[in-house]
>>> print(open('structure-v5.csv').read())   # CSV, C-alpha atoms
chain,number,residue,atom,x,y,z
A,1,ILE,CA,-25.3,38.4,93.5
A,2,TYR,CA,-24.5,39.3,97.1
A,3,PHE,CA,-26.5,36.4,98.5
A,4,ARG,CA,-25.0,34.0,96.0
A,5,THR,CA,-21.5,35.1,96.9
A,6,GLN,CA,-22.3,34.6,100.6
A,7,PHE,CA,-23.7,31.2,100.0
A,8,MET,CA,-20.6,30.1,98.0
A,9,PHE,CA,-18.4,31.4,100.7
A,10,LEU,CA,-20.4,29.5,103.4
A,11,LEU,CA,-20.3,26.3,101.4
A,12,ILE,CA,-16.5,26.5,100.9
A,13,SER,CA,-16.0,27.2,104.6
A,14,LEU,CA,-18.1,24.2,105.5
A,15,LEU,CA,-16.1,22.0,103.1
A,16,LEU,CA,-12.8,23.3,104.5
A,17,LEU,CA,-14.0,22.7,108.0
A,18,GLN,CA,-15.1,19.1,107.1
A,19,PHE,CA,-11.7,18.5,105.4
A,20,THR,CA,-9.8,19.8,108.4
A,21,GLU,CA,-11.8,17.8,110.9
A,22,GLU,CA,-11.2,14.6,108.9
A,23,LYS,CA,-7.5,15.3,108.8
A,24,LEU,CA,-7.5,15.8,112.6
A,25,GLY,CA,-9.7,12.7,113.2
A,26,GLN,CA,-12.6,14.7,114.6
A,27,ALA,CA,-15.1,13.8,111.8
A,28,GLU,CA,-16.0,10.6,110.0
A,29,LYS,CA,-14.9,10.1,106.4
A,30,THR,CA,-16.6,8.1,103.7
A,31,GLU,CA,-14.2,5.4,102.7
A,32,LEU,CA,-14.1,4.1,99.1
A,33,ASP,CA,-14.1,0.4,98.6
A,34,ALA,CA,-10.8,-1.5,98.1
A,35,HIS,CA,-11.4,-2.1,94.4
A,36,PHE,CA,-11.9,1.7,93.8
A,37,GLU,CA,-8.7,2.4,95.8
A,38,ASN,CA,-6.8,0.0,93.6
A,39,LEU,CA,-8.1,1.7,90.5
A,40,LEU,CA,-7.0,5.0,91.9
A,41,SER,CA,-3.5,3.7,92.7
A,42,ARG,CA,-3.2,2.0,89.3
A,43,ALA,CA,-4.2,5.2,87.5
A,44,ASP,CA,-1.6,7.3,89.5
A,45,CYS,CA,1.1,4.8,88.7
A,46,THR,CA,0.2,4.8,85.0
A,47,LYS,CA,0.3,8.6,84.9
A,48,ASN,CA,3.6,8.9,86.7
A,49,TRP,CA,5.5,6.3,84.6
A,50,THR,CA,3.9,7.5,81.4
A,51,GLU,CA,5.1,11.0,82.1
A,52,LYS,CA,8.7,9.8,82.9
A,53,ILE,CA,8.8,7.6,79.8
A,54,TYR,CA,7.5,10.4,77.6
A,55,ARG,CA,10.1,12.9,78.9
A,56,GLN,CA,13.0,10.5,78.6
A,57,THR,CA,12.0,9.4,75.1
A,58,GLU,CA,12.0,13.1,74.1
A,59,VAL,CA,15.5,13.4,75.4
A,60,VAL,CA,16.6,10.2,73.5
A,61,LEU,CA,15.0,11.4,70.2
A,62,GLN,CA,16.1,15.0,70.5
A,63,PRO,CA,19.1,15.4,72.9
A,64,ASN,CA,19.3,19.2,72.3
A,65,PRO,CA,17.2,21.0,74.9
A,66,GLY,CA,17.1,24.1,72.8
A,67,ALA,CA,15.6,22.3,69.9
A,68,ARG,CA,13.0,20.7,72.2
A,69,ILE,CA,12.0,24.1,73.6
A,70,GLU,CA,11.7,25.4,70.0
A,71,GLU,CA,9.5,22.5,69.0
A,72,PHE,CA,7.3,23.1,72.1
A,73,LEU,CA,6.8,26.8,71.3
A,74,TYR,CA,5.9,26.1,67.7
A,75,GLU,CA,3.4,23.5,68.9
A,76,LYS,CA,1.8,25.9,71.4
A,77,LEU,CA,1.6,28.6,68.7
A,78,ASP,CA,-0.1,26.0,66.4
A,79,ARG,CA,2.6,26.5,63.8
A,80,LYS,CA,4.5,23.9,61.8
A,81,VAL,CA,8.0,23.2,62.9
A,82,PRO,CA,10.5,24.2,60.1
A,83,PRO,CA,12.6,21.3,58.8
A,84,ARG,CA,15.8,20.9,60.6
A,85,PRO,CA,18.7,18.8,59.1
A,86,THR,CA,20.1,16.1,61.4
A,87,ASN,CA,23.6,16.1,62.6
A,88,GLY,CA,24.5,13.3,60.2
A,89,GLU,CA,23.2,15.2,57.2
A,90,ILE,CA,25.2,18.3,58.3
A,91,LEU,CA,28.3,16.2,58.7
A,92,GLY,CA,27.8,14.6,55.3
A,93,GLN,CA,27.4,18.0,53.7
A,94,PHE,CA,30.6,19.4,55.3
A,95,MET,CA,32.5,16.3,54.0
A,96,LEU,CA,31.2,16.8,50.4
A,97,GLU,CA,32.1,20.4,50.4
A,98,ALA,CA,35.5,19.6,51.7
A,99,ALA,CA,36.0,17.1,49.0
A,100,LYS,CA,35.3,19.8,46.4
A,101,GLU,CA,38.1,21.9,47.9
A,102,PHE,CA,40.6,19.1,48.1
A,103,GLY,CA,39.7,17.7,44.7
A,104,SER,CA,37.6,14.6,44.1
A,105,GLY,CA,40.4,13.0,42.2
A,106,THR,CA,42.7,12.7,45.2
A,107,PRO,CA,42.5,9.7,47.5
A,108,TYR,CA,41.4,11.9,50.5
A,109,GLY,CA,38.8,13.8,48.4
A,110,SER,CA,37.3,10.6,46.9
A,111,THR,CA,37.1,9.0,50.4
A,112,LEU,CA,35.4,12.1,51.8
A,113,ILE,CA,32.8,11.9,49.0
A,114,LYS,CA,32.0,8.2,49.9
A,115,VAL,CA,31.9,8.8,53.6
A,116,GLY,CA,29.9,12.1,53.2
A,117,ASP,CA,27.3,10.4,51.1
A,118,CYS,CA,27.0,7.6,53.7
A,119,GLN,CA,26.6,10.2,56.5
A,120,ARG,CA,23.8,11.9,54.6
A,121,ARG,CA,22.0,8.6,54.1
A,122,LEU,CA,22.5,7.8,57.8
A,123,GLY,CA,21.0,11.3,58.6
A,124,GLY,CA,18.1,10.6,56.3
A,125,ALA,CA,17.4,7.3,58.1
A,126,GLU,CA,17.6,9.1,61.4
A,127,ARG,CA,15.1,11.7,60.3
A,128,GLU,CA,12.6,9.0,59.2
A,129,PHE,CA,13.1,7.2,62.5
A,130,LEU,CA,12.4,10.4,64.5
A,131,GLN,CA,9.2,11.1,62.5
A,132,THR,CA,7.9,7.6,62.8
A,133,SER,CA,8.7,7.4,66.6
A,134,SER,CA,7.0,10.7,67.2
A,135,ILE,CA,3.8,9.7,65.4
A,136,SER,CA,3.6,6.1,66.7
A,137,PHE,CA,4.9,6.5,70.2
A,138,LEU,CA,5.3,10.1,71.5
A,139,ILE,CA,2.0,11.5,70.3
A,140,PRO,CA,-0.2,8.7,71.9
A,141,LEU,CA,1.6,9.2,75.2
A,142,ARG,CA,1.1,12.9,75.1
A,143,ASN,CA,-2.5,12.5,74.1
A,144,PHE,CA,-3.1,10.4,77.2
A,145,LEU,CA,-1.4,12.9,79.5
A,146,GLU,CA,-3.1,16.0,78.1
A,147,GLY,CA,-6.5,14.4,77.3
A,148,ASP,CA,-7.6,11.3,79.2
A,149,TRP,CA,-5.6,12.0,82.4
A,150,ARG,CA,-6.9,15.6,82.6
A,151,THR,CA,-10.5,14.3,82.4
A,152,ILE,CA,-9.8,11.7,85.1
A,153,SER,CA,-8.2,14.3,87.3
A,154,ARG,CA,-11.2,16.7,86.9
A,155,GLU,CA,-13.7,13.9,87.7
A,156,ARG,CA,-11.6,12.8,90.7
A,157,LYS,CA,-11.7,16.4,92.1
A,158,LEU,CA,-15.4,16.5,91.6
A,159,LEU,CA,-15.8,13.2,93.4
A,160,GLU,CA,-13.7,14.5,96.3
A,161,ASN,CA,-16.0,17.5,96.6
A,162,ARG,CA,-19.1,15.2,96.5
A,163,ARG,CA,-17.5,13.1,99.3
A,164,LEU,CA,-16.9,16.2,101.4
A,165,ASP,CA,-20.5,17.3,100.9
A,166,LEU,CA,-21.8,13.9,101.9
A,167,ASP,CA,-19.6,13.8,105.0
A,168,ALA,CA,-20.8,17.3,106.0
A,169,CYS,CA,-24.4,16.2,105.6
A,170,LYS,CA,-23.7,13.2,107.8
A,171,ALA,CA,-22.2,15.4,110.4
A,172,ARG,CA,-25.2,17.8,110.4
A,173,LEU,CA,-27.7,15.0,110.6
A,174,LYS,CA,-25.7,13.5,113.5
A,175,LYS,CA,-25.8,16.8,115.4
A,176,ALA,CA,-29.5,17.3,114.6
A,177,LYS,CA,-30.4,13.8,115.9
A,178,ALA,CA,-28.3,14.4,119.0
A,179,ALA,CA,-30.1,17.7,119.7
A,180,GLU,CA,-33.5,16.1,119.1
A,181,THR,CA,-32.7,13.2,121.5
A,182,LYS,CA,-31.5,15.6,124.1
A,183,ALA,CA,-34.6,17.7,123.8
A,184,ALA,CA,-36.8,14.6,124.1
A,185,ALA,CA,-35.3,13.8,127.5
A,186,VAL,CA,-36.4,17.2,128.9
A,187,PRO,CA,-39.8,17.2,130.7
A,188,ASP,CA,-42.7,17.9,128.3
A,189,PHE,CA,-43.6,21.4,129.4
A,190,GLN,CA,-45.6,23.9,127.4
A,191,GLU,CA,-42.6,26.0,126.4
A,192,THR,CA,-40.6,23.0,125.1
A,193,ARG,CA,-42.9,22.0,122.3
A,194,PRO,CA,-42.0,24.7,119.8
A,195,ARG,CA,-38.3,23.9,120.3
A,196,ASN,CA,-38.9,20.1,119.8
A,197,TYR,CA,-40.9,20.9,116.6
A,198,VAL,CA,-38.0,23.0,115.2
A,199,LEU,CA,-35.4,20.3,116.1
A,200,SER,CA,-37.5,17.6,114.4
A,201,ALA,CA,-37.9,19.7,111.3
A,202,SER,CA,-34.2,20.4,111.3
A,203,ALA,CA,-33.4,16.6,111.5
A,204,SER,CA,-35.8,16.0,108.6
A,205,ALA,CA,-34.1,18.6,106.5
A,206,ALA,CA,-30.7,17.1,107.3
A,207,GLU,CA,-32.0,13.7,106.3
A,208,HIS,CA,-33.2,15.0,102.9
A,209,GLU,CA,-29.9,16.8,102.3
A,210,LEU,CA,-28.1,13.5,103.1
A,211,ARG,CA,-30.1,11.6,100.6
A,212,VAL,CA,-29.4,14.1,97.9
A,213,ALA,CA,-25.7,14.2,98.7
A,214,GLN,CA,-25.5,10.4,98.8
A,215,THR,CA,-27.2,10.2,95.3
A,216,GLU,CA,-24.8,12.8,93.8
A,217,PHE,CA,-21.8,11.0,95.4
A,218,ASP,CA,-22.9,7.6,94.0
A,219,ARG,CA,-23.4,9.0,90.6
A,220,GLN,CA,-20.0,10.7,90.5
A,221,ALA,CA,-18.3,7.6,91.9
A,222,GLU,CA,-19.7,5.6,89.1
A,223,VAL,CA,-18.5,8.1,86.5
A,224,THR,CA,-15.1,8.1,88.0
A,225,ARG,CA,-15.0,4.3,88.3
A,226,LEU,CA,-15.7,3.9,84.6
A,227,LEU,CA,-12.9,6.4,83.7
A,228,LEU,CA,-10.4,4.6,85.9
A,229,GLU,CA,-11.3,1.2,84.5
A,230,GLY,CA,-10.5,2.6,81.1
A,231,ILE,CA,-6.8,2.6,82.2
A,232,SER,CA,-6.7,-1.0,81.0
A,233,SER,CA,-7.5,0.1,77.5
A,234,THR,CA,-4.8,2.7,77.8
A,235,HIS,CA,-2.3,0.0,78.7
A,236,VAL,CA,-3.3,-2.0,75.6
A,237,ASN,CA,-2.9,1.1,73.4
A,238,HIS,CA,0.4,1.9,74.9
A,239,LEU,CA,1.6,-1.6,74.4
A,240,ARG,CA,0.8,-1.4,70.7
A,241,CYS,CA,2.6,1.9,70.4
A,242,LEU,CA,5.6,0.5,72.2
A,243,CYS,CA,5.8,-2.4,69.8
A,244,GLU,CA,5.7,0.0,66.8
A,245,PHE,CA,8.5,2.1,68.5
A,246,VAL,CA,10.7,-1.0,68.8
A,247,GLU,CA,10.0,-1.9,65.1
A,248,ALA,CA,11.0,1.6,64.1
A,249,GLN,CA,14.2,1.3,66.1
A,250,ALA,CA,15.0,-2.1,64.6
A,251,MET,CA,14.5,-0.8,61.1
A,252,TYR,CA,16.6,2.3,61.7
A,253,TYR,CA,19.6,0.3,63.2
A,254,SER,CA,19.3,-2.2,60.4
A,255,GLN,CA,19.5,0.5,57.8
A,256,CYS,CA,22.5,2.1,59.5
A,257,HIS,CA,24.2,-1.3,59.6
A,258,LYS,CA,23.6,-1.8,56.0
A,259,TYR,CA,24.9,1.6,55.0
A,260,MET,CA,28.1,1.1,57.1
A,261,LEU,CA,28.8,-2.3,55.5
A,262,GLU,CA,28.4,-0.8,52.1
A,263,LEU,CA,30.8,2.0,53.1
A,264,GLN,CA,33.3,-0.5,54.4
A,265,ARG,CA,33.3,-2.3,51.1
A,266,GLU,CA,33.7,0.9,49.1
A,267,LEU,CA,36.7,1.9,51.2
A,268,GLY,CA,38.2,-1.6,50.9
A,269,ARG,CA,38.2,-2.3,54.6
A,270,CYS,CA,35.5,-4.9,54.7
A,271,PRO,CA,36.3,-8.6,54.0
A,272,ASP,CA,34.4,-10.2,51.1
A,273,SER,CA,32.4,-12.4,53.3
A,274,LEU,CA,30.7,-9.4,54.9
A,275,ASP,CA,28.7,-8.8,51.8
A,276,VAL,CA,25.6,-6.7,52.4
A,277,ASN,CA,23.4,-9.3,50.7
A,278,CYS,CA,24.5,-11.9,53.2
A,279,HIS,CA,23.0,-9.9,56.0
A,280,PRO,CA,19.5,-8.7,55.0
A,281,ALA,CA,17.8,-5.9,57.0
A,282,SER,CA,15.2,-8.3,58.2
A,283,SER,CA,17.8,-10.1,60.4
A,284,PRO,CA,19.3,-7.4,62.5
A,285,THR,CA,19.9,-9.8,65.4
A,286,ASP,CA,22.1,-12.2,63.4
A,287,PRO,CA,25.4,-12.4,65.4
A,288,SER,CA,27.4,-12.8,62.1
A,289,ALA,CA,26.1,-9.4,61.0
A,290,PHE,CA,28.1,-7.7,63.7
A,291,LEU,CA,31.6,-9.0,63.0
A,292,PRO,CA,34.4,-6.6,64.2
A,293,LEU,CA,36.0,-4.4,61.6
A,294,ASN,CA,38.8,-6.1,59.7
A,295,SER,CA,38.1,-9.5,61.4
A,296,PRO,CA,39.3,-12.3,59.2
A,297,SER,CA,36.5,-14.6,57.9
A,298,PRO,CA,36.9,-18.4,57.6
A,299,LEU,CA,35.8,-18.3,54.1
A,300,GLU,CA,38.3,-15.7,53.1
A,301,THR,CA,41.1,-17.5,54.9
A,302,ASP,CA,40.4,-20.7,53.1
A,303,ALA,CA,40.0,-19.0,49.8
A,304,LEU,CA,43.3,-17.0,49.9
A,305,GLN,CA,46.4,-18.1,51.8
A,306,ILE,CA,48.9,-15.2,51.6
A,307,GLU,CA,51.9,-17.5,52.1
A,308,GLU,CA,51.0,-19.6,49.0
A,309,VAL,CA,50.5,-16.6,46.7
A,310,GLN,CA,53.2,-16.3,44.1
A,311,PRO,CA,53.8,-13.1,42.0
A,312,PRO,CA,52.9,-13.4,38.3
A,313,ALA,CA,55.7,-13.6,35.7
A,314,SER,CA,54.6,-10.2,34.5
A,315,GLY,CA,52.2,-7.6,35.8
A,316,THR,CA,54.0,-6.5,39.0
A,317,ARG,CA,54.2,-2.7,39.6
A,318,LYS,CA,55.8,-0.3,42.0
A,319,ALA,CA,53.6,1.8,44.2
A,320,LYS,CA,54.2,4.7,46.6
A,321,VAL,CA,52.4,4.5,49.9
A,322,LEU,CA,50.4,7.7,50.6
A,323,TYR,CA,49.4,7.2,54.2
A,324,ASP,CA,50.3,5.0,57.1
A,325,TYR,CA,48.2,1.8,57.3
A,326,ASP,CA,48.1,-0.7,60.2
A,327,ALA,CA,47.3,-4.3,59.2
A,328,GLY,CA,43.9,-5.4,60.4
A,329,ASP,CA,44.9,-9.1,60.5
A,330,SER,CA,47.7,-11.5,59.6
A,331,SER,CA,46.7,-11.5,55.9
A,332,GLU,CA,47.4,-7.8,55.5
A,333,LEU,CA,50.6,-5.8,55.2
A,334,SER,CA,51.3,-2.7,57.4
A,335,LEU,CA,52.4,0.3,55.4
A,336,ARG,CA,54.3,3.5,56.1
A,337,ALA,CA,53.9,6.7,54.2
A,338,ASP,CA,56.3,7.5,51.3
A,339,GLU,CA,57.8,4.0,51.1
A,340,LEU,CA,57.9,2.0,47.9
A,341,ILE,CA,56.5,-1.5,47.6
A,342,THR,CA,55.8,-4.0,44.8
A,343,VAL,CA,52.2,-4.8,44.1
A,344,TYR,CA,50.2,-7.1,41.9
A,345,THR,CA,46.8,-8.8,41.8
A,346,VAL,CA,45.7,-12.4,41.7
A,347,PRO,CA,42.6,-14.0,40.1
A,348,GLY,CA,39.5,-13.8,42.2
A,349,MET,CA,40.7,-11.0,44.4
A,350,ASP,CA,38.7,-7.9,45.4
A,351,SER,CA,39.4,-5.0,43.1
A,352,ASP,CA,39.9,-2.7,46.1
A,353,TRP,CA,42.9,-4.7,47.3
A,354,LEU,CA,46.3,-5.7,45.9
A,355,ILE,CA,49.0,-8.0,47.1
A,356,GLY,CA,52.0,-6.0,48.4
A,357,GLU,CA,55.6,-7.1,48.9
A,358,ARG,CA,58.3,-5.4,50.8
A,359,GLY,CA,61.4,-7.6,51.1
A,360,ASN,CA,60.4,-10.9,52.6
A,361,GLN,CA,57.1,-9.5,53.9
A,362,LYS,CA,53.9,-10.0,51.9
A,363,GLY,CA,50.2,-9.2,52.5
A,364,LYS,CA,47.1,-7.5,51.2
A,365,VAL,CA,47.1,-3.7,50.9
A,366,PRO,CA,44.2,-1.3,50.1
A,367,VAL,CA,44.4,0.4,46.7
A,368,THR,CA,43.2,3.8,48.2
A,369,TYR,CA,46.4,4.0,50.2
A,370,LEU,CA,48.7,3.7,47.2
A,371,GLU,CA,49.9,5.7,44.2
A,372,LEU,CA,50.7,3.3,41.4
A,373,LEU,CA,53.8,4.2,39.5
A,374,SER,CA,54.3,3.6,35.8
>>> encode(input="structure-v5.csv", output="structure tokens")
Amino acid sequence: IYFRTQFMFLLISLLLLQFTEEKLGQAEKTELDAHFENLLSRADCTKNWTEKIYRQTEVVLQPNPGARIEEFLYEKLDRKVPPRPTNGEILGQFMLEAAKEFGSGTPYGSTLIKVGDCQRRLGGAEREFLQTSSISFLIPLRNFLEGDWRTISRERKLLENRRLDLDACKARLKKAKAAETKAAAVPDFQETRPRNYVLSASASAAEHELRVAQTEFDRQAEVTRLLLEGISSTHVNHLRCLCEFVEAQAMYYSQCHKYMLELQRELGRCPDSLDVNCHPASSPTDPSAFLPLNSPSPLETDALQIEEVQPPASGTRKAKVLYDYDAGDSSELSLRADELITVYTVPGMDSDWLIGERGNQKGKVPVTYLELLS
């Protein structure tokens, strides 16, 4: 054990000496070919950007740092992360509980139920998106950083040690050859022969060590080269994972858009032309699917000209306005809380809307803002 320890200490000292002399320019250094250097640079670039993308994707999917730390600890303890409701689901639950307190029969309570249910569905869509993104995108990136890259790093360190061994052997052989050449220049007296013999044997041993070191270096360089060339396959795999991540995002945003359009219709704030069926989830990039809230549609304007609407001979009613309402466009009528207006319906009109009249003013008004009087 003692001699083994001394040998390891001597070997480490020689490697450190060789490394220091190379840095100071006092010893030659075995240079890798240009292709190998390009592979090393490409691998380092892949590792650095993959790590940055992985960290930022974690932040996007889970903005709460405390939750990320909790998930990290559960993972290290090899335990399943307990289910955690999303913020949308929590908000939806609060709204539903508030509706029970206020009364589901009141306009505010019934609206809270509709919005709360929508928020819960949005939260469920978010949960599904987070799970899909983690499986299809985050886990492959992490597997590369914790698996393939660690293997590459380990083999690169081993290659660097082999290179230092090779350069140290070259330096020893160079010194042995120089000493042998210097001894050969001395006159051939009787006493010089033993020394020349020792120097020749030392040079032969140095040559043998160099051949062994060169063989080990070449073998390790080939192993490292194969691992570095595998970075191309890593890029192909990450490209596939990235496409799956984009698909998951598109599906998530499409679901959210669909839920919000449905909620707008339930609340009576969405024009008829913005029917959910007109904008299928498979076409999230359709510009018409993202019309501003309360923007008038050409179809609706052509179908119903407010100025031409005449009240029916019978069927008009008085209604009390419950809340202030600002008209979304010229076809609607602004309301103020507690005022009385005359309302009626016309054929083909959405059941969530009525025609309201106040003096000479006329326009559409949402039913949820009114209390119809007998």
>>> residues_around(input="structure-v5.csv", residues="segment 347-358 of chain A", least_positions_apart="6", cutoff="7 Å", atoms="only C-alpha atoms", output="list in words")
Gly268, Leu333, Ile341, Lys364, Val365, Pro366 and Val367 of chain A
>>> write_last_selection(input="structure-v5.csv", atoms="C-alpha atoms", output="mmCIF file, in the coordinates of the input")
data_model
loop_
_atom_site.group_PDB
_atom_site.id
_atom_site.type_symbol
_atom_site.label_atom_id
_atom_site.label_comp_id
_atom_site.auth_asym_id
_atom_site.auth_seq_id
_atom_site.Cartn_x
_atom_site.Cartn_y
_atom_site.Cartn_z
ATOM 1 C CA GLY A 268 38.200 -1.600 50.900
ATOM 2 C CA LEU A 333 50.600 -5.800 55.200
ATOM 3 C CA ILE A 341 56.500 -1.500 47.600
ATOM 4 C CA LYS A 364 47.100 -7.500 51.200
ATOM 5 C CA VAL A 365 47.100 -3.700 50.900
ATOM 6 C CA PRO A 366 44.200 -1.300 50.100
ATOM 7 C CA VAL A 367 44.400 0.400 46.700
#
>>> closest_residue(input="structure-v5.csv", among="A:Arg121, A:Arg172, A:Lys114, A:Lys177", to="Glu89 of chain A", atoms="all atoms listed in the file")
A:Arg121
>>> atom_distance(input="structure-v5.csv", atom1="atom CA of Asp218 of chain A", atom2="atom CA of Asn38 of chain A")
17.8 Å
>>> closest_residue(input="structure-v5.csv", among="A:Gln249, A:Ser41, A:Asn161, A:Asn143", to="Leu61 of chain A", atoms="all atoms listed in the file")
A:Gln249
>>> closest_residue(input="structure-v5.csv", among="A:Leu239, A:Leu130, A:Leu112, A:Leu340", to="Pro85 of chain A", atoms="only C-alpha atoms")
A:Leu130
